[in-house]
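*Asks:* Supplied structure: work.pdb, PDB, C-alpha atoms.
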MODEL        1
ATOM      1  CA  MET A 291     128.124  81.671 118.113
ATOM      2  CA  SER A 292     126.324  79.906 115.276
ATOM      3  CA  ALA A 293     122.785  81.097 116.044
ATOM      4  CA  ALA A 294     121.062  83.680 113.881
ATOM      5  CA  VAL A 295     121.382  87.253 115.107
ATOM      6  CA  THR A 296     119.383  90.414 114.560
ATOM      7  CA  PRO A 297     121.832  92.827 112.952
ATOM      8  CA  THR A 298     122.448  96.300 114.284
ATOM      9  CA  TRP A 299     122.616  99.009 111.638
ATOM     10  CA  ASP A 300     124.902 101.954 111.005
ATOM     11  CA  PRO A 301     123.153 104.661 108.923
ATOM     12  CA  GLY A 302     126.439 106.425 108.207
ATOM     13  CA  GLN A 303     128.053 103.275 106.819
ATOM     14  CA  TYR A 304     124.941 102.426 104.818
ATOM     15  CA  LEU A 305     124.792 105.881 103.224
ATOM     16  CA  ARG A 306     128.445 105.817 102.135
ATOM     17  CA  HIS A 307     127.249 104.278  98.851
ATOM     18  CA  ALA A 308     123.873 106.033  98.767
ATOM     19  CA  ASP A 309     123.958 106.933  95.066
ATOM     20  CA  HIS A 310     124.603 103.353  93.937
ATOM     21  CA  ARG A 311     122.107 101.923  96.434
ATOM     22  CA  ALA A 312     119.355 104.345  95.345
ATOM     23  CA  ARG A 313     119.639 103.498  91.637
ATOM     24  CA  PRO A 314     117.530 100.285  91.805
ATOM     25  CA  PHE A 315     114.824 102.134  93.740
ATOM     26  CA  THR A 316     114.690 104.797  91.036
ATOM     27  CA  ASP A 317     114.385 102.100  88.375
ATOM     28  CA  LEU A 318     111.616 100.383  90.350
ATOM     29  CA  LEU A 319     109.772 103.662  90.822
ATOM     30  CA  ALA A 320     109.830 104.349  87.074
ATOM     31  CA  ARG A 321     107.740 101.225  86.428
ATOM     32  CA  ILE A 322     105.021 101.954  88.995
ATOM     33  CA  PRO A 323     101.784 103.150  87.337
ATOM     34  CA  ASP A 324      99.631 106.052  88.468
ATOM     35  CA  LEU A 325      97.986 105.446  91.830
ATOM     36  CA  PRO A 326      94.197 105.433  92.290
ATOM     37  CA  GLY A 327      93.893 108.117  94.996
ATOM     38  CA  ASP A 328      94.302 111.883  94.595
ATOM     39  CA  ARG A 329      96.039 111.946  97.979
ATOM     40  CA  PRO A 330      97.664 108.513  97.978
ATOM     41  CA  ARG A 331      98.402 106.501 101.098
ATOM     42  CA  ILE A 332     101.823 104.872 100.802
ATOM     43  CA  ALA A 333     103.797 102.471 103.013
ATOM     44  CA  ASP A 334     107.545 101.924 102.577
ATOM     45  CA  LEU A 335     108.538  98.659 104.258
ATOM     46  CA  GLY A 336     112.142  98.678 105.467
ATOM     47  CA  CYS A 337     112.706 102.385 104.919
ATOM     48  CA  GLY A 338     116.177 102.514 106.501
ATOM     49  CA  PRO A 339     117.430 106.096 106.927
ATOM     50  CA  GLY A 340     114.578 107.443 104.793
ATOM     51  CA  ASN A 341     116.619 108.761 101.890
ATOM     52  CA  VAL A 342     114.702 106.815  99.251
ATOM     53  CA  THR A 343     111.375 107.180 101.081
ATOM     54  CA  ALA A 344     111.757 110.903 100.509
ATOM     55  CA  VAL A 345     111.938 110.234  96.749
ATOM     56  CA  LEU A 346     108.365 108.918  96.935
ATOM     57  CA  ALA A 347     107.242 112.387  98.038
ATOM     58  CA  GLU A 348     108.782 113.842  94.892
ATOM     59  CA  ARG A 349     106.729 111.470  92.715
ATOM     60  CA  TRP A 350     103.525 111.847  94.781
ATOM     61  CA  PRO A 351     103.761 115.237  96.569
ATOM     62  CA  THR A 352     100.183 115.057  97.928
ATOM     63  CA  ALA A 353     100.640 111.612  99.484
ATOM     64  CA  HIS A 354     100.746 110.578 103.118
ATOM     65  CA  ILE A 355     103.826 108.349 103.204
ATOM     66  CA  THR A 356     104.936 106.269 106.180
ATOM     67  CA  GLY A 357     108.319 104.567 106.262
ATOM     68  CA  HIS A 358     108.502 101.478 108.477
ATOM     69  CA  ASP A 359     111.657  99.947 109.933
ATOM     70  CA  ASN A 360     112.694  97.924 112.976
ATOM     71  CA  SER A 361     116.071  99.665 113.440
ATOM     72  CA  ASP A 362     116.017 102.505 115.951
ATOM     73  CA  GLU A 363     119.312 103.773 114.527
ATOM     74  CA  MET A 364     117.877 104.005 111.015
ATOM     75  CA  LEU A 365     114.618 105.572 112.204
ATOM     76  CA  ASP A 366     116.437 108.213 114.256
ATOM     77  CA  LYS A 367     118.243 109.295 111.085
ATOM     78  CA  ALA A 368     115.007 109.271 109.065
ATOM     79  CA  HIS A 369     113.104 111.342 111.639
ATOM     80  CA  VAL A 370     115.778 114.032 111.703
ATOM     81  CA  ASP A 371     116.514 114.225 107.990
ATOM     82  CA  HIS A 372     113.189 113.660 106.256
ATOM     83  CA  GLU A 373     110.074 113.714 108.446
ATOM     84  CA  GLY A 374     107.451 116.429 108.048
ATOM     85  CA  PRO A 375     105.074 118.049 105.570
ATOM     86  CA  THR A 376     105.914 117.804 101.880
ATOM     87  CA  ALA A 377     105.868 120.508  99.222
ATOM     88  CA  GLY A 378     102.571 119.353  97.713
ATOM     89  CA  GLY A 379     100.616 119.292 100.959
ATOM     90  CA  GLY A 380     101.338 115.671 101.819
ATOM     91  CA  ARG A 381     103.219 114.268 104.767
ATOM     92  CA  LEU A 382     106.228 112.031 105.319
ATOM     93  CA  ASP A 383     106.535 110.181 108.619
ATOM     94  CA  PHE A 384     108.260 107.113 110.034
ATOM     95  CA  ALA A 385     107.224 104.361 112.433
ATOM     96  CA  HIS A 386     108.796 101.370 114.130
ATOM     97  CA  ALA A 387     107.481  98.127 112.652
ATOM     98  CA  ASP A 388     108.671  94.614 111.902
ATOM     99  CA  VAL A 389     108.075  93.672 108.258
ATOM    100  CA  ARG A 390     107.661  90.048 109.374
ATOM    101  CA  THR A 391     104.412  90.963 111.131
ATOM    102  CA  TRP A 392     103.345  94.314 109.630
ATOM    103  CA  THR A 393      99.725  94.309 108.451
ATOM    104  CA  PRO A 394      97.909  97.093 106.581
ATOM    105  CA  GLU A 395      95.472  98.719 109.017
ATOM    106  CA  GLU A 396      93.914 100.946 106.346
ATOM    107  CA  PRO A 397      93.634 100.824 102.535
ATOM    108  CA  TYR A 398      96.871 101.704 100.740
ATOM    109  CA  ASP A 399      97.451 102.948  97.212
ATOM    110  CA  LEU A 400     101.061 101.735  97.218
ATOM    111  CA  ILE A 401     103.028  99.323  99.381
ATOM    112  CA  ILE A 402     106.680  99.363  98.397
ATOM    113  CA  SER A 403     109.841  97.746  99.722
ATOM    114  CA  ASN A 404     113.430  98.392  98.677
ATOM    115  CA  ALA A 405     116.183  95.850  99.448
ATOM    116  CA  THR A 406     114.471  94.608 102.616
ATOM    117  CA  LEU A 407     112.494  91.434 101.954
ATOM    118  CA  GLN A 408     115.654  89.325 101.643
ATOM    119  CA  TRP A 409     115.959  89.749 105.425
ATOM    120  CA  VAL A 410     112.459  88.296 105.981
ATOM    121  CA  PRO A 411     112.237  84.478 105.874
ATOM    122  CA  GLY A 412     109.106  83.375 104.056
ATOM    123  CA  HIS A 413     108.380  86.916 102.862
ATOM    124  CA  ALA A 414     106.434  85.732  99.809
ATOM    125  CA  ASP A 415     103.875  84.196 102.176
ATOM    126  CA  ARG A 416     102.996  87.760 103.277
ATOM    127  CA  PHE A 417     102.158  88.942  99.764
ATOM    128  CA  GLY A 418      98.497  87.948  99.975
ATOM    129  CA  GLU A 419      97.863  90.022 103.085
ATOM    130  CA  TRP A 420      99.639  93.020 101.621
ATOM    131  CA  VAL A 421      97.816  92.822  98.280
ATOM    132  CA  ARG A 422      94.486  92.584 100.114
ATOM    133  CA  GLY A 423      95.471  95.790 101.900
ATOM    134  CA  LEU A 424      95.610  97.717  98.623
ATOM    135  CA  ARG A 425      92.804  99.803  97.174
ATOM    136  CA  PRO A 426      91.471  98.524  93.843
ATOM    137  CA  GLY A 427      94.049  99.618  91.274
ATOM    138  CA  GLY A 428      96.745  99.936  93.927
ATOM    139  CA  THR A 429     100.279  98.617  93.576
ATOM    140  CA  PHE A 430     102.649  96.408  95.528
ATOM    141  CA  ALA A 431     106.257  96.850  94.376
ATOM    142  CA  PHE A 432     109.588  95.599  95.661
ATOM    143  CA  GLN A 433     113.237  95.123  94.815
ATOM    144  CA  VAL A 434     115.608  92.573  96.376
ATOM    145  CA  PRO A 435     119.244  91.614  95.796
ATOM    146  CA  GLY A 436     119.704  88.558  93.636
ATOM    147  CA  ASN A 437     123.438  88.186  94.155
ATOM    148  CA  PHE A 438     123.680  85.532  96.868
ATOM    149  CA  ASP A 439     125.801  83.380  94.551
ATOM    150  CA  ALA A 440     128.244  86.253  93.894
ATOM    151  CA  PRO A 441     131.826  86.002  95.208
ATOM    152  CA  SER A 442     131.117  88.676  97.834
ATOM    153  CA  HIS A 443     128.479  86.486  99.474
ATOM    154  CA  ARG A 444     130.004  83.059  98.839
ATOM    155  CA  LEU A 445     133.286  84.162 100.397
ATOM    156  CA  MET A 446     131.434  85.705 103.316
ATOM    157  CA  ARG A 447     129.547  82.468 104.018
ATOM    158  CA  ASP A 448     132.699  80.334 103.679
ATOM    159  CA  LEU A 449     134.576  82.510 106.157
ATOM    160  CA  ALA A 450     131.623  82.599 108.518
ATOM    161  CA  ARG A 451     131.686  78.796 108.699
ATOM    162  CA  ARG A 452     135.426  78.831 109.409
ATOM    163  CA  HIS A 453     134.898  81.371 112.194
ATOM    164  CA  GLY A 454     132.081  79.444 113.880
ATOM    165  CA  LEU A 455     129.248  81.595 112.526
ATOM    166  CA  THR A 456     127.548  78.933 110.435
ATOM    167  CA  ASP A 457     123.935  80.122 110.691
ATOM    168  CA  THR A 458     124.586  83.836 110.999
ATOM    169  CA  LEU A 459     124.224  84.732 107.325
ATOM    170  CA  ARG A 460     121.464  84.477 104.763
ATOM    171  CA  HIS A 461     121.871  81.827 102.080
ATOM    172  CA  THR A 462     120.914  81.457  98.443
ATOM    173  CA  ASP A 463     117.280  80.775  99.387
ATOM    174  CA  ALA A 464     116.896  84.261 100.889
ATOM    175  CA  VAL A 465     114.998  85.330  97.757
ATOM    176  CA  LEU A 466     112.910  83.512  95.156
ATOM    177  CA  THR A 467     113.568  83.352  91.449
ATOM    178  CA  PRO A 468     111.892  85.957  89.229
ATOM    179  CA  GLN A 469     109.663  83.178  87.840
ATOM    180  CA  ASP A 470     108.545  82.220  91.351
ATOM    181  CA  TYR A 471     107.731  85.817  92.238
ATOM    182  CA  LEU A 472     105.714  86.160  89.032
ATOM    183  CA  ALA A 473     103.759  83.009  89.843
ATOM    184  CA  ARG A 474     103.044  84.177  93.390
ATOM    185  CA  LEU A 475     101.815  87.606  92.325
ATOM    186  CA  THR A 476      99.702  86.520  89.375
ATOM    187  CA  GLY A 477      98.257  83.792  91.586
ATOM    188  CA  LEU A 478      96.917  86.576  93.800
ATOM    189  CA  GLY A 479      95.052  88.066  90.844
ATOM    190  CA  CYS A 480      97.554  90.846  90.160
ATOM    191  CA  THR A 481      98.877  92.092  86.868
ATOM    192  CA  ALA A 482     102.588  91.633  87.477
ATOM    193  CA  ASP A 483     105.788  92.907  85.885
ATOM    194  CA  VAL A 484     108.872  91.040  87.118
ATOM    195  CA  TRP A 485     112.418  91.515  85.839
ATOM    196  CA  GLU A 486     116.062  91.388  86.823
ATOM    197  CA  THR A 487     119.037  93.664  86.207
ATOM    198  CA  THR A 488     122.742  93.321  86.886
ATOM    199  CA  TYR A 489     124.375  96.646  87.699
ATOM    200  CA  ILE A 490     128.112  97.066  87.320
ATOM    201  CA  HIS A 491     128.870  99.561  90.064
ATOM    202  CA  LEU A 492     132.245 101.245  89.702
ATOM    203  CA  LEU A 493     133.437 101.709  93.275
ATOM    204  CA  THR A 494     136.357 103.861  94.374
ATOM    205  CA  GLY A 495     138.615 103.980  97.409
ATOM    206  CA  ASP A 496     140.478 101.318  99.339
ATOM    207  CA  ASP A 497     138.712  97.956  99.651
ATOM    208  CA  PRO A 498     135.435  99.394  98.333
ATOM    209  CA  VAL A 499     133.567  96.068  98.147
ATOM    210  CA  LEU A 500     134.298  95.440 101.812
ATOM    211  CA  ASP A 501     133.155  98.978 102.572
ATOM    212  CA  TRP A 502     129.917  98.287 100.680
ATOM    213  CA  VAL A 503     129.046  95.031 102.448
ATOM    214  CA  LYS A 504     129.852  96.526 105.857
ATOM    215  CA  GLY A 505     126.690  98.597 105.372
ATOM    216  CA  THR A 506     124.412  95.690 104.465
ATOM    217  CA  GLY A 507     125.182  91.985 104.021
ATOM    218  CA  LEU A 508     128.007  91.837 106.560
ATOM    219  CA  ARG A 509     125.950  93.399 109.377
ATOM    220  CA  PRO A 510     125.007  90.034 110.989
ATOM    221  CA  VAL A 511     128.686  89.055 111.262
ATOM    222  CA  LEU A 512     129.695  92.448 112.624
ATOM    223  CA  THR A 513     126.864  92.233 115.155
ATOM    224  CA  ALA A 514     127.725  88.669 116.209
ATOM    225  CA  LEU A 515     131.376  89.637 116.753
ATOM    226  CA  ALA A 516     130.728  92.998 118.406
ATOM    227  CA  ASP A 517     131.972  91.688 121.752
ATOM    228  CA  ALA A 518     134.874  89.717 120.253
ATOM    229  CA  PRO A 519     137.105  92.392 118.683
ATOM    230  CA  ASP A 520     140.061  90.081 118.035
ATOM    231  CA  GLN A 521     137.906  87.553 116.192
ATOM    232  CA  ARG A 522     136.178  90.384 114.336
ATOM    233  CA  GLU A 523     139.498  91.756 113.091
ATOM    234  CA  ALA A 524     140.680  88.272 112.104
ATOM    235  CA  PHE A 525     137.504  87.750 110.086
ATOM    236  CA  LEU A 526     137.855  91.144 108.369
ATOM    237  CA  HIS A 527     141.532  90.469 107.615
ATOM    238  CA  ASP A 528     140.697  87.209 105.840
ATOM    239  CA  TYR A 529     137.626  88.607 104.093
ATOM    240  CA  ARG A 530     139.465  91.732 102.902
ATOM    241  CA  ALA A 531     142.184  89.598 101.298
ATOM    242  CA  ALA A 532     139.642  87.345  99.587
ATOM    243  CA  LEU A 533     137.663  90.303  98.223
ATOM    244  CA  ARG A 534     140.792  91.939  96.835
ATOM    245  CA  GLU A 535     141.443  88.817  94.800
ATOM    246  CA  ALA A 536     137.821  88.395  93.686
ATOM    247  CA  TYR A 537     137.305  92.065  92.777
ATOM    248  CA  PRO A 538     140.608  93.510  91.520
ATOM    249  CA  PRO A 539     140.635  97.276  90.910
ATOM    250  CA  GLY A 540     140.832  98.636  87.390
ATOM    251  CA  ALA A 541     142.241 101.871  86.053
ATOM    252  CA  HIS A 542     139.168 103.871  87.090
ATOM    253  CA  GLY A 543     137.857 101.978  90.089
ATOM    254  CA  THR A 544     136.685  98.543  91.194
ATOM    255  CA  PRO A 545     133.864  96.987  89.105
ATOM    256  CA  PHE A 546     131.265  95.377  91.385
ATOM    257  CA  PRO A 547     128.539  93.400  89.554
ATOM    258  CA  PHE A 548     125.290  93.350  91.513
ATOM    259  CA  ARG A 549     122.182  91.484  90.344
ATOM    260  CA  ARG A 550     118.775  92.632  91.557
ATOM    261  CA  ILE A 551     115.216  91.328  91.153
ATOM    262  CA  PHE A 552     112.235  93.671  90.710
ATOM    263  CA  ALA A 553     108.470  93.208  90.843
ATOM    264  CA  VAL A 554     105.540  95.567  90.306
ATOM    265  CA  ALA A 555     102.111  94.033  90.946
ATOM    266  CA  ARG A 556      98.872  95.905  90.404
ATOM    267  CA  ARG A 557      95.635  94.859  92.069
ATOM    268  CA  GLY A 558      92.678  94.706  89.721
ATOM    269  CA  ALA A 559      90.399  97.735  89.630
TER     270      ALA A 559
ENDMDL
END
Now, as a test, write the supplied structure out as structure tokens.
*Replies:*
Amino acid sequence: MSAAVTPTWDPGQYLRHADHRARPFTDLLARIPDLPGDRPRIADLGCGPGNVTAVLAERWPTAHITGHDNSDEMLDKAHVDHEGPTAGGGRLDFAHADVRTWTPEEPYDLIISNATLQWVPGHADRFGEWVRGLRPGGTFAFQVPGNFDAPSHRLMRDLARRHGLTDTLRHTDAVLTPQDYLARLTGLGCTADVWETTYIHLLTGDDPVLDWVKGTGLRPVLTALADAPDQREAFLHDYRAALREAYPPGAHGTPFPFRRIFAVARRGA
């Protein structure tokens, strides 16, 4: 059970921390410049349940926005909750696509990705194709977690090895450094703004860090052990105890530091 697995997703679990998860997207969006088209064409790569894709329609109400994801569970939620015409005469729709192979089939004003590219090995090698798919003056923007050295992920990987799931999880090379992203994007002729931020999320409830990672980073383990309930519960028992020690609750909740890396790259006009 050491081979890599394609995780299954649970929109309900993912959205349990929707406010905290949406904050980096809002911060990324604030740094994106005006788009070249009056009715922009926008692609959201790895749209999940569509909750942050819908925020794009608030910023660009005349745009045609398509959210792409390879999870049927996530797309079902997005179709029901967010698809349709927007208030400014634009449209929001969703389509099944694999970010590993997705290619722009028309010129885009904005290609954006929120907390997805860390799941795509070699994702920086796709940047050239995506930038070439932008209109002159268009923008490619993304945000990825930069916390693979955090206790939440180190403990997860250590336990995965002990439970025979050595290659199931992503490792510290899942994302590049901010300097490497800057070099890649400027090397493609873009004007690039790259930065990092560490959020201190104050989580509430019982075992809130475990609850958080059940919606994202832990999905490969939960998928791999779906047909082994006893082993799954043993893993969660050990991981829960380790997280309680690593992230003790305070008087007002459990502080959960979370580093993220951002990039906004504009193609020359």
*Asks:* Would you mind reading off the distance between CA of Ala312 (chain A) and CA of Thr352 (chain A), one decimal, in Å?
*Replies:*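 So the answer is 22.1 Å.
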*Asks:* In Å, how far is it from CA of Pro375 (chain A) to CA of His310 (chain A)?
*Replies:*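 CA of His310 (chain A) lies at a distance of 27.1 Å from CA of Pro375 (chain A).
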*Asks:* One decimal, Å: what's the distance from CA of Pro510 (chain A) over to CA of Gly412 (chain A), could you say?
*Replies:* 18.6 Å
*Asks:* Identify, on the basis of only C-alpha atoms, every residue whose closest approach to region 440-451 of chain A does not exceed 10 Å; exclude the query and any residue fewer than 6 positions from it along the same chain; express the result as a PyMOL selection string.
*Replies:* chain A and resi 292+457-462+499-500+503+507-508+511+525-526+528-529+532-533+536-537+546-549
*Asks:* Could you write out as an MDAnalysis selection string the residues that the PyMOL selection byres ((chain A and resi 384-391) around 7) matches in the shown file?
*Replies:* chainID A and resid 335 356:360 365 369 383 392:393 410
*Asks:* For C-alpha atoms, I'd like the residues from the last selection saved as a PDB file, in the coordinates of the input.
*Replies:*
ATOM      1  CA  LEU A 335     108.538  98.659 104.258  1.00  0.00           C
ATOM      2  CA  THR A 356     104.936 106.269 106.180  1.00  0.00           C
ATOM      3  CA  GLY A 357     108.319 104.567 106.262  1.00  0.00           C
ATOM      4  CA  HIS A 358     108.502 101.478 108.477  1.00  0.00           C
ATOM      5  CA  ASP A 359     111.657  99.947 109.933  1.00  0.00           C
ATOM      6  CA  ASN A 360     112.694  97.924 112.976  1.00  0.00           C
ATOM      7  CA  LEU A 365     114.618 105.572 112.204  1.00  0.00           C
ATOM      8  CA  HIS A 369     113.104 111.342 111.639  1.00  0.00           C
ATOM      9  CA  ASP A 383     106.535 110.181 108.619  1.00  0.00           C
ATOM     10  CA  TRP A 392     103.345  94.314 109.630  1.00  0.00           C
ATOM     11  CA  THR A 393      99.725  94.309 108.451  1.00  0.00           C
ATOM     12  CA  VAL A 410     112.459  88.296 105.981  1.00  0.00           C
TER      13      VAL A 410
END
*Asks:* Selection in question (the file shown): the PyMOL selection byres ((chain A and resi 414) around 10). Which residues does it include, as a ChimeraX atom specification?
*Replies:* /A:407,410-413,415-418,465-466,470-471,474-475
*Asks:* Out of A:Ala464, A:Met364, A:Val554, A:Ala344, which residue has the shortest atom-to-atom distance to Ala377 (chain A) when counting all atoms listed in the file?
*Replies:*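 Going through A:Ala464, A:Met364, A:Val554, A:Ala344 one by one, the smallest distance to Ala377 (chain A) is for A:Ala344.
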*Asks:* Using all atoms listed in the file, can you tell me which of A:Thr467, A:Thr376, A:Thr316, A:Asn437 comes closest to Thr488 (chain A)?
*Replies:*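 Nearest to Thr488 (chain A): A:Asn437.
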*Asks:* Got a sec to resolve the PyMOL selection byres ((chain A and resi 489-493) around 12) on this structure and send the residues as a JSON list (two decimals) with C-alpha atoms, in the frame of the given file?
*Replies:*
[["chain", "number", "residue", "atom", "x", "y", "z"],
["A", 306, "ARG", "CA", 128.44, 105.82, 102.14],
["A", 307, "HIS", "CA", 127.25, 104.28, 98.85],
["A", 308, "ALA", "CA", 123.87, 106.03, 98.77],
["A", 309, "ASP", "CA", 123.96, 106.93, 95.07],
["A", 310, "HIS", "CA", 124.60, 103.35, 93.94],
["A", 311, "ARG", "CA", 122.11, 101.92, 96.43],
["A", 312, "ALA", "CA", 119.36, 104.34, 95.34],
["A", 313, "ARG", "CA", 119.64, 103.50, 91.64],
["A", 314, "PRO", "CA", 117.53, 100.28, 91.80],
["A", 317, "ASP", "CA", 114.38, 102.10, 88.38],
["A", 435, "PRO", "CA", 119.24, 91.61, 95.80],
["A", 436, "GLY", "CA", 119.70, 88.56, 93.64],
["A", 437, "ASN", "CA", 123.44, 88.19, 94.16],
["A", 486, "GLU", "CA", 116.06, 91.39, 86.82],
["A", 487, "THR", "CA", 119.04, 93.66, 86.21],
["A", 488, "THR", "CA", 122.74, 93.32, 86.89],
["A", 494, "THR", "CA", 136.36, 103.86, 94.37],
["A", 495, "GLY", "CA", 138.62, 103.98, 97.41],
["A", 496, "ASP", "CA", 140.48, 101.32, 99.34],
["A", 497, "ASP", "CA", 138.71, 97.96, 99.65],
["A", 498, "PRO", "CA", 135.44, 99.39, 98.33],
["A", 499, "VAL", "CA", 133.57, 96.07, 98.15],
["A", 500, "LEU", "CA", 134.30, 95.44, 101.81],
["A", 501, "ASP", "CA", 133.16, 98.98, 102.57],
["A", 502, "TRP", "CA", 129.92, 98.29, 100.68],
["A", 537, "TYR", "CA", 137.30, 92.06, 92.78],
["A", 538, "PRO", "CA", 140.61, 93.51, 91.52],
["A", 539, "PRO", "CA", 140.64, 97.28, 90.91],
["A", 540, "GLY", "CA", 140.83, 98.64, 87.39],
["A", 541, "ALA", "CA", 142.24, 101.87, 86.05],
["A", 542, "HIS", "CA", 139.17, 103.87, 87.09],
["A", 543, "GLY", "CA", 137.86, 101.98, 90.09],
["A", 544, "THR", "CA", 136.68, 98.54, 91.19],
["A", 545, "PRO", "CA", 133.86, 96.99, 89.10],
["A", 546, "PHE", "CA", 131.26, 95.38, 91.38],
["A", 547, "PRO", "CA", 128.54, 93.40, 89.55],
["A", 548, "PHE", "CA", 125.29, 93.35, 91.51],
["A", 549, "ARG", "CA", 122.18, 91.48, 90.34],
["A", 550, "ARG", "CA", 118.78, 92.63, 91.56],
["A", 551, "ILE", "CA", 115.22, 91.33, 91.15]]
*Asks:* Pick the closest to Cys337 (chain A) from A:Ala518, A:Asn404, A:Leu318, A:Arg557: which is it, counting all atoms listed in the file?
*Replies:*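 Between A:Ala518, A:Asn404, A:Leu318, A:Arg557, the residue approaching Cys337 (chain A) most closely is A:Asn404.
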*Asks:* Box in all listed atoms of region 403-409 of chain A, axis-aligned, with 6 Å more on each side; write out centre and edge lengths in Å to one decimal as JSON.
*Replies:*
{"center_x": 113.0, "center_y": 93.9, "center_z": 102.1, "size_x": 18.3, "size_y": 21.1, "size_z": 18.7}
*Asks:* Nearest to Leu478 (chain A): which of A:Thr406, A:Glu523, A:Gly558, A:Leu455 is it, counting all atoms listed in the file?
*Replies:*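 Counting all atoms listed in the file, the residue closest to Leu478 (chain A) is A:Gly558.
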*Asks:* Which of these residues is nearest to Arg422 (chain A), using all atoms listed in the file: A:Gly327, A:Thr456, A:Cys480, A:Gly380?
*Replies:*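 Of all the options, A:Cys480 lies closest to Arg422 (chain A).
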*Asks:* Report as a ChimeraX atom specification all protein, DNA and RNA residues lying within 12 Å of Arg321 (chain A), evaluated on all atoms listed in the file, omitting residues in the same chain fewer than 2 positions from it.
*Replies:* /A:314-319,323-325,429-433,482-485,552-556
*Asks:* Find the residue from A:Val370, A:Ala516, A:Leu346, A:Val434 that sits nearest to Asp334 (chain A); use all atoms listed in the file when measuring.
*Replies:*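 Selected residue with least distance to Asp334 (chain A): A:Leu346.
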